[in-house]
Amino acid sequence: MGLFEPDTDIFRNRDALREDYQPEEIVGRDEELQQYIAALQPVINGDQPSNIFLYGKAGVGKTACTRYLLDQLKSDAAEYDIDVTTIRTNCEDLSTSYQVAIQLINELRAPTDQLKPTGYPRRQVNEWLWEELDSIGGTIVIVFDEVDHIEDDSILYQIPRARANGNLSECKVGIIGISNDFKYRERLSSKVQSSLCEKELQFPAYDANELRDILRQRAEIAFYDGVVPQEVIAKCAAFGAKDAGDARQSLDLLMEAGDIAVEENAAKLTEAHVDAARTALERSRIADGVAGLTQHGHLVLYALVMIHEEGDTPVRARTIQERYEVVCDRAATDALVPRRMRDHLNELAMLGIASRVERNKGEVGGRYYEYALDTNPELLLEALDETVDIVGVTHEVQRRLGRSH
Ligand SMILES: Nc1ncnc2c1ncn2[C@@H]1O[C@H](COP(=O)(O)OP(=O)(O)OP(=O)(O)O)[C@@H](O)[C@H]1O
């Protein structure tokens with residue numbers, strides 16, 4: 001027997017749980033899909049597409065619904081002899097309109113005719129973009145995923161207005177901007193706001209029922225019949241709804257639970273597998289988060305963990321600063337000034353390791369923030385083990401470490 005052999009009693013098609021899998025049917029988004037279809041309606045009427053701004057938190061189906069609807073739109077349009085082309089661009093690595101234009105041109109051009117990332121006059125790049133779009137003709141829908149990464153956003157009004165300005169004659173272009181940054185809309189210049197946000201769609205977080213439908217649908221493809229009991233689906237959905245209403249997280253949890261069942265040679269998934277999967281995913285999320293912090297990030301976090309173990313959170317930044325200075329002393333390093341220390345606290349809050357709550361000190365007292373841990377302290381101490389070794393432990397931390405061994 002070889003070293004590797006298939007062990008497929010659990011998974012029929014594990015890839016169906018992966019991020020890049022496009023479901024054939026979208027479940028639990030009926031209302032949002034109706035609004036989206038209405039916003040795309042001009043295309044099928046042969047008119048200039050509306051520009052659409054779609055926002056919602058991570059994993060709420062923005063990309064999946066967009067791909068699904070644009071595929072449907074293309075096949076339905078073909079029946080009415082309407083020529084629709086869709087272009088999808090992820091703006092994660094693009095911060096200027098210039099870079100966006102170059103990327104679009106390169107997506108439309110042959111591999112042998114690509115532009116370099118820099119070195120052309122801006123006007124020329126725009127000219128080339130109009131030429132490429134006109135040479136496609138018909139109706140073109142351009143999707144800008146993670147559109148909030150574009151800082152100089154002039155392209156977001158130049159494209160929608162290109163036809164009116166006489167730059168395009170052979171095609172009608174509409175854009176769809178997708179973002180999970182709720183504040184992005186407010187940052188847009190009024191020019192961009194009025195063109196990009198012609199139609200606005202908001203996707204809310206999924207509740208447990210919707211996640212259950214999504215997971216059930218995907219489990220039928222990913223697992224063999226009878227391998228995933230209802231209570232396992234319900235548990236993954238309940239965790240997902242409690243965390244962030246993020247379908248991706250729930251699908252990851254189900255996949256990890258399946259992997260654990262495979263490792264254990266189990267005949268089917270159990271709720272215990274889901275619990276173990278949750279801990280494993282949280283452990284790796286925390287390890288990744290902590291590994292990405294600087295030394296001072298570790299020291300600030302350790303100070304907060306200590307205060308948490310003493311039962312004194314939520315806590316103000318100035319109290320954390322005092323503890324952090326002690327911790328720095330033990331680590332033989334100079335403490336940062338309070339303002340810099342607070343940057344680290346805010347980073348922890350952004351990563352979801354800590355939470356930050358705004359408080360009001362009466363009518364005249366002004367506002368301040370309180371911080372608390374938002375993550376399993378045992379897993380944090382595990383990820384911080386080097387810092388713990390250098391700084392040493394308090395009674396309370398010792399008690400926690402004793403309990404986890
Ligand atoms: N309503 C749904 N029906 C079926 N699968 C879904 C649905 N919503 C999300 N999914 C699945 O969940 C995962 C995450 O969804 P998607 O990538 O669309 O989220 P998103 O809102 O675009 O997130 P991000 O902002 O992080 O890109 C994908 O695997 C997707 O197929």
# chains A, B, ... in the order shown; residues from 1 in each chain; ligands from 1
$ residues_near_ligand --ligand "ligand 1" --cutoff "7 Å" --atoms "only C-alpha atoms and all ligand atoms" --output "PyMOL selection string"
chain A and resi 17-23+25-29+56-65+179-180+214+247-248+251
$ write_last_selection --atoms "C-alpha atoms" --output "PDB file, in the first residue's frame"
ATOM      1  CA  LEU A  17     -16.869  24.284   1.063  1.00  0.00           C
ATOM      2  CA  ARG A  18     -14.003  26.361  -0.200  1.00  0.00           C
ATOM      3  CA  GLU A  19     -14.141  30.089  -0.682  1.00  0.00           C
ATOM      4  CA  ASP A  20     -13.762  29.962  -4.471  1.00  0.00           C
ATOM      5  CA  TYR A  21     -16.702  27.593  -4.991  1.00  0.00           C
ATOM      6  CA  GLN A  22     -19.580  29.334  -6.736  1.00  0.00           C
ATOM      7  CA  PRO A  23     -22.947  27.918  -5.602  1.00  0.00           C
ATOM      8  CA  GLU A  25     -28.272  28.596  -6.204  1.00  0.00           C
ATOM      9  CA  ILE A  26     -28.207  31.472  -3.751  1.00  0.00           C
ATOM     10  CA  VAL A  27     -30.228  30.826  -0.611  1.00  0.00           C
ATOM     11  CA  GLY A  28     -31.474  33.194   2.081  1.00  0.00           C
ATOM     12  CA  ARG A  29     -31.064  36.391   0.074  1.00  0.00           C
ATOM     13  CA  GLY A  56     -22.111  44.758   3.720  1.00  0.00           C
ATOM     14  CA  LYS A  57     -19.716  43.044   6.119  1.00  0.00           C
ATOM     15  CA  ALA A  58     -17.362  40.226   5.141  1.00  0.00           C
ATOM     16  CA  GLY A  59     -18.934  36.937   4.084  1.00  0.00           C
ATOM     17  CA  VAL A  60     -22.503  38.168   3.601  1.00  0.00           C
ATOM     18  CA  GLY A  61     -22.705  37.034  -0.011  1.00  0.00           C
ATOM     19  CA  LYS A  62     -21.796  40.218  -1.902  1.00  0.00           C
ATOM     20  CA  THR A  63     -19.413  38.465  -4.282  1.00  0.00           C
ATOM     21  CA  ALA A  64     -21.442  35.250  -4.569  1.00  0.00           C
ATOM     22  CA  CYS A  65     -24.682  37.125  -5.380  1.00  0.00           C
ATOM     23  CA  SER A 179     -17.193  47.324  -0.251  1.00  0.00           C
ATOM     24  CA  ASN A 180     -17.338  46.099   3.327  1.00  0.00           C
ATOM     25  CA  ILE A 214     -26.672  27.993   3.225  1.00  0.00           C
ATOM     26  CA  ALA A 247     -21.229  32.626   5.737  1.00  0.00           C
ATOM     27  CA  ARG A 248     -17.556  32.103   4.988  1.00  0.00           C
ATOM     28  CA  LEU A 251     -18.515  27.137   5.933  1.00  0.00           C
TER      29      LEU A 251
END
$ select_by_dssp --residues "range 28-115 of chain A" --states "strand (DSSP E)" --output "ChimeraX atom specification"
/A:52-55,84-90
$ select_by_dssp --residues "range 36-74 of chain A" --states "alpha helix (DSSP H)" --output "count of residues only"
22
$ atom_distance --atom1 "CA of Leu351 in chain A" --atom2 "CA of Leu188 in chain A"
25.1 Å
$ closest_atom_pairs --of "range 236-330 of chain A" --to "range 391-399 of chain A" --cutoff "9 Å" --atoms "only C-alpha atoms" --output "tab-separated table"
residue	atom	partner	partner_atom	distance
A:Leu299	CA	A:Val391	CA	8.7
A:Val305	CA	A:Val397	CA	8.2
A:Met306	CA	A:Val397	CA	6.4
A:Glu309	CA	A:Glu396	CA	5.7
A:Glu310	CA	A:Glu396	CA	6.2
A:Val327	CA	A:Val391	CA	6.2
A:Cys328	CA	A:Val391	CA	7.9
A:Asp329	CA	A:Val391	CA	8.5
A:Arg330	CA	A:Val391	CA	5.2
$ residues_around --residues "range 270-287 of chain A" --least-positions-apart "3" --cutoff "12 Å" --atoms "only C-alpha atoms" --output "PyMOL selection string"
chain A and resi 226-240+243+249-267+290-293+298+301+348+351-354+374-385
$ residues_around --residues "Ile155 in chain A" --least-positions-apart "6" --cutoff "9 Å" --atoms "only C-alpha atoms" --output "list of chain:residue names"
A:Thr96, A:Ser97, A:Tyr98, A:Val100, A:Ala101, A:Val192
$ write_last_selection --atoms "N, CA and C atoms" --output "mmCIF file, in the first residue's frame"
data_model
loop_
_atom_site.group_PDB
_atom_site.id
_atom_site.type_symbol
_atom_site.label_atom_id
_atom_site.label_comp_id
_atom_site.auth_asym_id
_atom_site.auth_seq_id
_atom_site.Cartn_x
_atom_site.Cartn_y
_atom_site.Cartn_z
ATOM 1 N N THR A 96 -4.848 53.967 -6.924
ATOM 2 C CA THR A 96 -5.140 55.152 -7.748
ATOM 3 C C THR A 96 -5.958 54.787 -8.981
ATOM 4 N N SER A 97 -6.622 55.788 -9.528
ATOM 5 C CA SER A 97 -7.416 55.588 -10.733
ATOM 6 C C SER A 97 -6.517 55.167 -11.905
ATOM 7 N N TYR A 98 -5.297 55.672 -11.889
ATOM 8 C CA TYR A 98 -4.329 55.314 -12.931
ATOM 9 C C TYR A 98 -4.083 53.803 -12.925
ATOM 10 N N VAL A 100 -5.983 51.542 -11.657
ATOM 11 C CA VAL A 100 -7.205 50.833 -12.007
ATOM 12 C C VAL A 100 -7.349 50.768 -13.528
ATOM 13 N N ALA A 101 -7.092 51.912 -14.180
ATOM 14 C CA ALA A 101 -7.231 51.949 -15.641
ATOM 15 C C ALA A 101 -6.256 50.964 -16.289
ATOM 16 N N VAL A 192 -18.307 61.555 -7.154
ATOM 17 C CA VAL A 192 -18.292 60.093 -7.217
ATOM 18 C C VAL A 192 -19.544 59.530 -6.557
#
$ closest_residue --among "A:Ser194, A:Asn209, A:Leu269, A:Phe53" --to "Asp225 in chain A" --atoms "only C-alpha atoms"
A:Leu269
